[in-house]
Every structure is written in C-alpha cells, then in structure tokens.
Amino acid sequence: MTTPARILVVDDEAHLADGIRENLRAEGYETAVAYDGREGLAVIGKGGFDLIVLDVMMPNMDGLELCERLRRDGIQTPVLFLTVKGGPEDRIRGLEAGGDDYLSKPFHLQELLLRVAAILRRSRWYGQNEATLSFEGNHIDFETYQARAWDGTEHSLTHKEAMILKVLAERAGGIVTREDILDRVWGYEVFPSTRTVDNFIVRLRKRFERNPEAPLHFHTVRGVGYRFTRAPAEAPSQHDD
Amino acid sequence: MTIKRDPSRALQLGFLALLIISTAQAVYWIRDNVLFTRFVEQRFEALYAGAAADDLRALSPALSDTPADDVRAAALAELASSSDARTNRYFWEGGFFLAVLFGGMLIMTRAIRHDRELRLRQQNFLAAVSHEFKSPLASVQLAAETLVLRSADADGKRLGARILEDGERLLRMVDNLLDATRLEEGRHRPTLERIPLKTVVEASVAEIAERTRRHEIGVAIDVPESLTVPADRTALESILRNLLDNAVKACIAGSGHVIAIGAVQSQEKLTLTVRDDGIGFPPEEAEMIFEKFYRLGDELKRTTPGSGLGLYLVKRLAEMCGAAVGAESSGAGRGATVTVTWRKSTPQ
C-alpha cells in the first residue's frame with residue numbers, strides 16, 4: 001500500500017460516524033466524516049475518495065438517494081451501505097441504488113474492517129491493467145463506464161457490469177466459474193445465489209451480442225460458469241437460456 | 001404457507017358484492033311489485049267495465065253518493081290512485097332499504113379504513129422503534145468493540161467485552177421481540193430459497209464463540225457441506241441464533257460443557273439437531289418448551305436469563321419454512337436435544 005485509501009463516513013448518528021472514523025483511521029486510512037446526506041454530497045463533490053461508508057436512513061437526503069445521485073452523475077466511488085434494516089429486500093434495494101456492499105447495524109467492527117479492505121482491494125484490482133476492452137465492434141471504456149455496442153448504441157454500464165466484463169476479459173478464452181465472479185465482483189456473500197451472475201450475463205449479452213440467443217462471446221459453460229472469447233468461436237456455443 | 005392477506009381489502013370487496021346483489025334484488029323486487037300492481041289494476045279495470053253501478057258503489061263507501069253516470073269514472077280514479085299509492089310505497093320501501101344498507105356499509109367501511117390506518121401507523125411505529133433501539137445499540141457496540149480491539153489497558157478490554165456481551169444480549173432480545181411481533185401480525189413474508197446449512201451454522205456458532213470460550217463449552221459441528229435447506233434466510237439465522245443461545249444458557253445453568261450441532265439427510269427428511277448436556281427439562285414438558293413465555297423452573301428464582309420467546313420463535317419460524325420442531329430430554333440436569341425437521345414433501 002503506497003498511499004492510504006481515503007474513506008468518507010456519512011451517518012447522522014454522530015457517535016457511530018465518529019466511532020467508525022476513529023477505527024478506520026487507526027487502521028491507517030485517511031478519513032473524513034459527514035453527518036447527513038446533503039453534507040455528504042457536498043464533501044464527495046470535492047472528490048478524492050476511494051470508498052464511502054454510507055448510512056441508509058438519514059435526514060435531508062437518505063443514503064439510497066445519495067448513492068443514486070452519485071451514480072447518475074457518473075461518480076463510481078464504491079459505496080458500503082450501513083443500515084438498521086437488514087432484510088433481503090433492503091439489501092437488494094441498496095445494491096440496486098448502486099451500492100457495492102451492505103452491512104446491517106449493529107455490525108461487528110472486525111467485519112466492517114474486513115469488508116472495507118475487501119472493497120478497496122477489488123476496486124484497486126479494477127483500476128489496474130487495461131482500461132478498455134474491444135471485441136467485434138464493441139468498445140468498452142472501464143474508466144468512464146461508457147460502452148459503444150456493435151450496432152452503434154451507447155450504454156452506460158453499472159459498476160458491477162463493468163467489473164464482470166473485466167473479470168471475464170482478463171481470462172478471455174478460459175472458464176470463469178460463477179463463484180469466481182461472485183468472489184471477484186461482490187467479494188462477499190451479499191447475494192446468496194449464483195443466479196445473480198446469470199442475470200448480469202444475460203444483460204451483457206443483450207448489449208453486446210449480435211444474437212443474444214446464440215451468444216458468440218459470452219458462453220455458458222453448463223454447470224460451471226462462463227467463458228469469454230473476443231473473436232467468435234467456431235464451435236456452436238452451449239447456452240442454457 | 002400462512003400469509004395473512006390484508007383483511008380490510010377482502011371485506012371491502014365483499015361489501016361491494018353485497019351492495020350490488022342487494023341493489024339488484026331491491027330493483028327486482030320493486031319492479032316485480034309495480035308490475036303486479038299494474039296487472040291487478042288492469043284486471044279490475046276490465047271488471048269495472050262490465051259491472052253495474054250498484055256493485056261498484058258497494059265496493060267503496062266513498063262512492064255511495066256518486067251519481068250513476070259518474071260512478072265508473074270515480075271507481076276507476078280511486079283504483080288508479082290506490083295503485084299509484086302502492087307503487088309509490090314500493091319505491092320508498094325499496095329505496096329506504098337500500099339507503100340503510102348503503103349507510104351501514106359506509107360506516108363499516110370507514111371503521112375498517114380507520115383500523116387499517118391504525119395498523120399501518122403501528123407498523124411504522126414498529127419500524128421506528130426498531131431503528132431507535134438499534135441505532136444507539138450499534139453505537140454502544142462499536143464503542144465497546146473499539147475498546148476490546150484497541151484499548152491498551154486490561155481493564156478497558158475487560159469492561160469493553162462485558163458491555164459488548166450484554167449489548168449483544170439486548171440486541172438478541174430486540175430482534176426476538178420484533179420477530180415475534182411481525183409473526184403475530186402476519187407480516188413475516190418469507191422468501192424461501194435453498195440455503196447451504198453449514199455456512200449459516202458456522203456463522204451462528206461464531207456469534208456465540210466468545211461466550212462458549214469463557215464458559216468452557218465445546219461446540220462441535222457435524223453438518224455436511226453439501227446440505228441445503230429450503231428456508232427464509234433471516235428466519236433460518238434467527239432459528240439458529242435462538243437454538244444456540246438456548247443451548248448456551250442451558251449449559252451455563254446446568255454446568256454442561258458440550259454443544260453438538262448436527263444435520264442428517266435421509267430419503268424422506270432432513271434433520272437439524274442441536275444437543276447440549278446442560279440443564280435439560282422434565283420429559284413431560286417437551287411440548288411446552290416451545291410455548292410462548294414458557295420458562296424453565298421458577299420465574300422468581302430465575303436460574304437462566306431470557307424471556308421465553310426464543311424457542312417459541314424457533315417453532316413459528318421453522319413452521320414458516322416448512323419444518324417441524326421437536327425436543328427431548330431425559331430429565332432435569334441431563335441435557336436436551338432440539339430438532340428441526342424438513343420433510344421431503346415440503347414445498348421447493
């Protein structure tokens with residue numbers, strides 16, 4: 001680790017926000033804190049954060065809204081949601097809003113620290129290597145999350161979609177298991193099912209395959225995972241959907 | 001699965017149906033009577049046409065003084081007016097009936113709506129309470145954990161651990177209360193999925209690790225990696241949390257030192273077993289321990305901490321996931337075994 005990661009904590013519970021901040025600082029991170037959504041937005045606007053620890057329920061602007069707003073503005077800083085509600089539907093809402101991980105309050109300090117480290121590790125990996133991917137008329141820019149598909153359509157990728165693409169592209173030609181993808185992209189047991197991955201692949205096919213029903217790039221390897229090929233393969237692909 | 005639908009919605013639909021049927025019935029009744037009156041009137045008109053003036057006079061005392069030439073017209077007029085009066089009455093009666101029915105339904109619908117609003121407010125209150133409980137708890141827990149993790153002096157660590165432990169107990173209690181309330185309101189909407197049992201067991205065991213270590217209780221897990229159960233994730237977590245919490249308490253109260261968690265799958269069922277060598281219970285109370293607020297022994301002495309909600313929740317949540325619970329003990333002081341069994345015929 002060369003420069004310490006910068007982390008912003010946004011929570012209206014001042015004691016909790018300060019507590020998290022102190023612990024992150026003790027772990028060697030650089031930290032800042034904001035006590036409601038609007039303040040958070042202002043601080044994030046100044047830029048330079050590697051991770052935002054974001055409370056969901058807050059006055060003025062709640063965490064989900066804040067996160068949605070960031071993503072809309074093209075800010076892809078990873079977000080770790082904290083919330084009192086911990087049901088699966090809350091979890092899904094948080095991820096839909098563009099969050100990267102989710103921790104329900106009260107949480108264990110060690111778990112928070114582990115997850116923070118895991119998210120940072122993933123986003124560091126994401127920032128490495130090639131910044132673009134091109135195949136068969138599709139062009140993807142991993143930095144701006146913009147993609148131009150073979151048919152000329154422009155797509156704004158979500159963070160997860162871009163990460164999945166990157167995992168697959170990194171091992172182009174080889175098989176990547178669903179668990180691998182979950183591990184690299186989600187990193188934690190956020191979703192219980194590997195079906196989530198399948199849904200993402202379906203979406204990627206719709207965007208970048210000439211015929212999503214008969215994929216030439218995103219192959220399903222039945223019962224195992226996926227294989228990405230840049231150039232269309234000779235052999236007909238197996239697909240199960 | 002017993003998911004209670006919103007009853008006021010069904011009632012409103014029922015009312016609407018009743019109103020339509022009643023209106024149709026009343027309209028039919030009015031029409032039928034009006035037609036009948038009309039029919040009788042016509043019959044009489046025909047009779048009057050051929051009747052003698054004296055006969056007509058005899059029909060009504062009011063006609064007794066009428067001259068012979070006018071008597072038929074007068075009789076017909078009287079007939080028409082009485083027929084009109086009758087028709088009128090039917091309309092009034094039918095209308096009144098419908099008005100009363102409609103008014104009654106309006107009042108009841110209002111009452112139901114009011115009741116629903118109240119329930120909604122209660123739910124919001126519940127959500128708010130859970131937030132209000134958990135937020136300060138989260139902060140307390142974090143502070144305590146920070147002490148445990150980072151405090152340089154032994155006292156800080158020791159006291160932090162103590163705060164942490166009781167904070168966790170409080171949290172379990174809040175979770176259980178919320179679960180119980182939600183269950184009773186029929187608001188627990190389970191999403192059943194196949195969950196790998198071992199990971200949930202291990203996570204739950206990790207939660208009690210600190211307590212078992214301090215009380216020198218050994219925990220053995222014998223759950224095959226491949227086993228999955230159809231369950232709602234939060235419900236399953238709650239079931240295990242409560243089963244283990246219960247086993248730890250039983251061990252502490254009965255100076256037991258072993259908790260064994262096992263799972264066995266056979267052709268027709270999957271059984272999760274949590275066994276302890278703690279305080280146990282009289283065999284005849286095996287059914288009762290799953291009852292709400294049931295607590296072992298004399299409440300005044302309070303040999304074990306708790307509210308009597310834990311196993312009740314285990315039972316209800318297990319049933320929600322399509323499983324059955326059972327318990328056995330060969331007597332006080334001789335340990336207990338609690339089982340959760342999924343039969344193969346359960347949905348999914």
# chains A, B, ... in the order shown; residues from 1 in each chain; ligands from 1
$ residues_around --residues "Tyr102 of chain A" --least-positions-apart "5" --cutoff "7 Å" --atoms "only C-alpha atoms" --output "number ranges by chain"
A: 80-82, 91
$ residues_around --residues "segment 163-175 of chain A" --least-positions-apart "2" --cutoff "6 Å" --atoms "only C-alpha atoms" --output "list in words"
Lys160, Glu161, Tyr226, Arg227, Phe228 and Thr229 of chain A
$ write_last_selection --atoms "C-alpha atoms" --output "compact mmCIF listing (two decimals), in the first residue's frame"
# COMPACT_ATOMS: atom_id res chain seq x y z
CA LYS A 160 -21.00 -4.45 -11.46
CA GLU A 161 -21.48 -4.94 -15.16
CA TYR A 226 -18.78 -18.69 -18.25
CA ARG A 227 -16.17 -18.29 -20.91
CA PHE A 228 -15.50 -15.08 -22.77
CA THR A 229 -14.00 -15.06 -26.25
$ interface_residues --of "chain A" --to "chain B" --cutoff "6 Å" --atoms "only C-alpha atoms" --output "list of chain:residue names"
A:Leu16, A:Lys105, A:Pro106
$ write_last_selection --atoms "N, CA and C atoms" --output "tab-separated table (two decimals), in the first residue's frame"
chain	number	residue	atom	x	y	z
A	16	LEU	N	-21.70	7.07	16.12
A	16	LEU	CA	-21.36	5.95	15.27
A	16	LEU	C	-20.38	6.39	14.17
A	105	LYS	N	-26.72	-2.80	10.77
A	105	LYS	CA	-26.39	-2.33	12.12
A	105	LYS	C	-27.20	-3.11	13.13
A	106	PRO	N	-26.69	-3.41	14.27
A	106	PRO	CA	-25.30	-3.23	14.68
A	106	PRO	C	-24.42	-4.26	13.99
$ residues_around --residues "segment 19-30 of chain A" --least-positions-apart "6" --cutoff "7 Å" --atoms "only C-alpha atoms" --output "list in words"
Pro4, Ala5, Arg6, Ile7 and Val9 of chain A; Leu142 and Ala143 of chain B
$ write_last_selection --atoms "C-alpha atoms" --output "mmCIF file, in the first residue's frame"
data_model
loop_
_atom_site.group_PDB
_atom_site.id
_atom_site.type_symbol
_atom_site.label_atom_id
_atom_site.label_comp_id
_atom_site.auth_asym_id
_atom_site.auth_seq_id
_atom_site.Cartn_x
_atom_site.Cartn_y
_atom_site.Cartn_z
ATOM 1 C CA PRO A 4 -3.527 5.293 2.233
ATOM 2 C CA ALA A 5 -7.047 4.969 0.856
ATOM 3 C CA ARG A 6 -9.383 7.874 1.573
ATOM 4 C CA ILE A 7 -12.677 6.925 3.131
ATOM 5 C CA VAL A 9 -18.164 8.109 6.521
ATOM 6 C CA LEU B 142 -18.934 -0.128 18.214
ATOM 7 C CA ALA B 143 -17.518 1.754 21.178
#
$ select_by_dssp --residues "segment 3-226 of chain A" --states "strand (DSSP E)" --output "JSON list (two decimals) with N, CA and C atoms, in the first residue's frame"
[["chain", "number", "residue", "atom", "x", "y", "z"],
["A", 6, "ARG", "N", -8.58, 6.84, 0.91],
["A", 6, "ARG", "CA", -9.38, 7.87, 1.57],
["A", 6, "ARG", "C", -10.83, 7.40, 1.69],
["A", 7, "ILE", "N", -11.33, 7.44, 2.89],
["A", 7, "ILE", "CA", -12.68, 6.93, 3.13],
["A", 7, "ILE", "C", -13.55, 8.01, 3.75],
["A", 8, "LEU", "N", -14.75, 8.16, 3.22],
["A", 8, "LEU", "CA", -15.71, 9.11, 3.78],
["A", 8, "LEU", "C", -16.80, 8.33, 4.52],
["A", 9, "VAL", "N", -17.09, 8.73, 5.75],
["A", 9, "VAL", "CA", -18.16, 8.11, 6.52],
["A", 9, "VAL", "C", -19.33, 9.09, 6.57],
["A", 10, "VAL", "N", -20.50, 8.64, 6.13],
["A", 10, "VAL", "CA", -21.69, 9.51, 6.17],
["A", 10, "VAL", "C", -22.74, 8.84, 7.04],
["A", 30, "GLU", "N", -7.05, 7.26, 5.48],
["A", 30, "GLU", "CA", -7.35, 8.68, 5.64],
["A", 30, "GLU", "C", -8.86, 8.80, 5.67],
["A", 31, "THR", "N", -9.39, 9.63, 6.56],
["A", 31, "THR", "CA", -10.84, 9.62, 6.70],
["A", 31, "THR", "C", -11.44, 11.02, 6.75],
["A", 32, "ALA", "N", -12.71, 11.07, 6.40],
["A", 32, "ALA", "CA", -13.50, 12.28, 6.57],
["A", 32, "ALA", "C", -14.88, 11.83, 6.99],
["A", 33, "VAL", "N", -15.66, 12.75, 7.55],
["A", 33, "VAL", "CA", -16.98, 12.36, 8.03],
["A", 33, "VAL", "C", -18.00, 13.44, 7.68],
["A", 34, "ALA", "N", -19.22, 13.00, 7.38],
["A", 34, "ALA", "CA", -20.32, 13.93, 7.13],
["A", 34, "ALA", "C", -21.53, 13.42, 7.90],
["A", 51, "LEU", "N", -13.61, 5.27, -1.10],
["A", 51, "LEU", "CA", -14.74, 4.48, -0.58],
["A", 51, "LEU", "C", -15.63, 5.38, 0.26],
["A", 52, "ILE", "N", -16.96, 5.13, 0.17],
["A", 52, "ILE", "CA", -17.90, 5.87, 1.02],
["A", 52, "ILE", "C", -18.65, 4.87, 1.87],
["A", 53, "VAL", "N", -18.58, 5.05, 3.18],
["A", 53, "VAL", "CA", -19.39, 4.24, 4.10],
["A", 53, "VAL", "C", -20.64, 5.05, 4.36],
["A", 54, "LEU", "N", -21.80, 4.53, 3.92],
["A", 54, "LEU", "CA", -22.99, 5.36, 3.82],
["A", 54, "LEU", "C", -24.16, 4.77, 4.59],
["A", 55, "ASP", "N", -24.69, 5.54, 5.52],
["A", 55, "ASP", "CA", -25.88, 5.12, 6.26],
["A", 55, "ASP", "C", -27.09, 5.29, 5.35],
["A", 79, "VAL", "N", -19.44, 2.15, -2.69],
["A", 79, "VAL", "CA", -20.25, 2.53, -1.54],
["A", 79, "VAL", "C", -20.54, 1.30, -0.69],
["A", 80, "LEU", "N", -20.29, 1.41, 0.59],
["A", 80, "LEU", "CA", -20.67, 0.36, 1.54],
["A", 80, "LEU", "C", -21.83, 0.90, 2.36],
["A", 81, "PHE", "N", -23.00, 0.28, 2.20],
["A", 81, "PHE", "CA", -24.18, 0.74, 2.93],
["A", 81, "PHE", "C", -24.21, 0.20, 4.35],
["A", 82, "LEU", "N", -24.65, 1.05, 5.25],
["A", 82, "LEU", "CA", -24.91, 0.62, 6.62],
["A", 82, "LEU", "C", -26.38, 0.88, 6.88],
["A", 83, "THR", "N", -27.08, -0.09, 7.42],
["A", 83, "THR", "CA", -28.46, 0.22, 7.76],
["A", 83, "THR", "C", -28.98, -0.66, 8.87],
["A", 101, "ASP", "N", -21.65, -2.97, -1.31],
["A", 101, "ASP", "CA", -21.77, -3.96, -0.26],
["A", 101, "ASP", "C", -22.72, -3.40, 0.78],
["A", 102, "TYR", "N", -23.03, -4.25, 1.76],
["A", 102, "TYR", "CA", -24.14, -3.91, 2.62],
["A", 102, "TYR", "C", -23.88, -4.54, 3.99],
["A", 103, "LEU", "N", -24.01, -3.73, 5.02],
["A", 103, "LEU", "CA", -23.76, -4.25, 6.36],
["A", 103, "LEU", "C", -24.89, -3.74, 7.24],
["A", 104, "SER", "N", -25.52, -4.66, 8.01],
["A", 104, "SER", "CA", -26.63, -4.18, 8.83],
["A", 104, "SER", "C", -26.15, -3.84, 10.23],
["A", 132, "THR", "N", -9.49, -0.38, -21.38],
["A", 132, "THR", "CA", -10.54, -0.54, -22.39],
["A", 132, "THR", "C", -10.61, -1.98, -22.84],
["A", 133, "LEU", "N", -11.73, -2.33, -23.46],
["A", 133, "LEU", "CA", -11.91, -3.67, -24.00],
["A", 133, "LEU", "C", -12.63, -3.53, -25.33],
["A", 134, "SER", "N", -12.07, -4.16, -26.37],
["A", 134, "SER", "CA", -12.73, -4.11, -27.67],
["A", 134, "SER", "C", -12.89, -5.51, -28.20],
["A", 135, "PHE", "N", -14.04, -5.82, -28.70],
["A", 135, "PHE", "CA", -14.24, -7.10, -29.40],
["A", 135, "PHE", "C", -15.40, -6.97, -30.37],
["A", 138, "ASN", "N", -17.58, -4.01, -30.52],
["A", 138, "ASN", "CA", -17.97, -3.48, -29.22],
["A", 138, "ASN", "C", -16.76, -2.80, -28.59],
["A", 139, "HIS", "N", -17.03, -1.67, -27.98],
["A", 139, "HIS", "CA", -15.92, -0.99, -27.35],
["A", 139, "HIS", "C", -16.34, -0.54, -25.94],
["A", 140, "ILE", "N", -15.55, -0.95, -24.94],
["A", 140, "ILE", "CA", -15.91, -0.62, -23.56],
["A", 140, "ILE", "C", -14.77, 0.13, -22.89],
["A", 141, "ASP", "N", -15.14, 1.24, -22.27],
["A", 141, "ASP", "CA", -14.16, 2.02, -21.53],
["A", 141, "ASP", "C", -14.40, 1.81, -20.04],
["A", 146, "GLN", "N", -18.51, 3.85, -20.06],
["A", 146, "GLN", "CA", -19.29, 4.02, -21.28],
["A", 146, "GLN", "C", -18.94, 2.90, -22.24],
["A", 147, "ALA", "N", -19.93, 2.44, -22.97],
["A", 147, "ALA", "CA", -19.69, 1.39, -23.95],
["A", 147, "ALA", "C", -20.42, 1.72, -25.23],
["A", 148, "ARG", "N", -19.78, 1.39, -26.35],
["A", 148, "ARG", "CA", -20.47, 1.51, -27.62],
["A", 148, "ARG", "C", -20.58, 0.11, -28.19],
["A", 154, "GLU", "N", -25.10, 3.44, -27.52],
["A", 154, "GLU", "CA", -24.24, 3.79, -26.40],
["A", 154, "GLU", "C", -24.85, 3.24, -25.12],
["A", 155, "HIS", "N", -24.03, 2.68, -24.26],
["A", 155, "HIS", "CA", -24.53, 2.16, -22.99],
["A", 155, "HIS", "C", -23.72, 2.73, -21.84],
["A", 156, "SER", "N", -24.42, 3.07, -20.76],
["A", 156, "SER", "CA", -23.71, 3.39, -19.53],
["A", 156, "SER", "C", -23.73, 2.15, -18.67],
["A", 175, "ILE", "N", -12.23, -20.61, -18.67],
["A", 175, "ILE", "CA", -13.51, -20.68, -17.97],
["A", 175, "ILE", "C", -13.43, -19.90, -16.64],
["A", 176, "VAL", "N", -14.44, -19.09, -16.40],
["A", 176, "VAL", "CA", -14.54, -18.40, -15.12],
["A", 176, "VAL", "C", -15.78, -18.93, -14.42],
["A", 177, "THR", "N", -15.63, -19.45, -13.22],
["A", 177, "THR", "CA", -16.80, -20.01, -12.54],
["A", 177, "THR", "C", -17.66, -18.89, -11.95],
["A", 218, "PHE", "N", -20.09, -14.42, -24.96],
["A", 218, "PHE", "CA", -20.34, -14.79, -23.56],
["A", 218, "PHE", "C", -20.95, -16.19, -23.52],
["A", 219, "HIS", "N", -20.08, -17.19, -23.43],
["A", 219, "HIS", "CA", -20.56, -18.56, -23.46],
["A", 219, "HIS", "C", -20.88, -19.07, -22.08],
["A", 220, "THR", "N", -21.96, -19.82, -22.01],
["A", 220, "THR", "CA", -22.25, -20.51, -20.76],
["A", 220, "THR", "C", -21.55, -21.86, -20.79],
["A", 221, "VAL", "N", -20.80, -22.15, -19.75],
["A", 221, "VAL", "CA", -20.24, -23.48, -19.63],
["A", 221, "VAL", "C", -21.11, -24.19, -18.60],
["A", 225, "GLY", "N", -19.71, -22.24, -15.28],
["A", 225, "GLY", "CA", -19.63, -20.80, -15.27],
["A", 225, "GLY", "C", -19.68, -20.24, -16.68],
["A", 226, "TYR", "N", -18.74, -19.36, -16.96],
["A", 226, "TYR", "CA", -18.78, -18.69, -18.25],
["A", 226, "TYR", "C", -17.40, -18.64, -18.89]]
$ select_by_dssp --residues "segment 148-261 of chain B" --states "alpha helix (DSSP H)" --output "ChimeraX atom specification"
/B:148-150,154-184,197-214,233-253
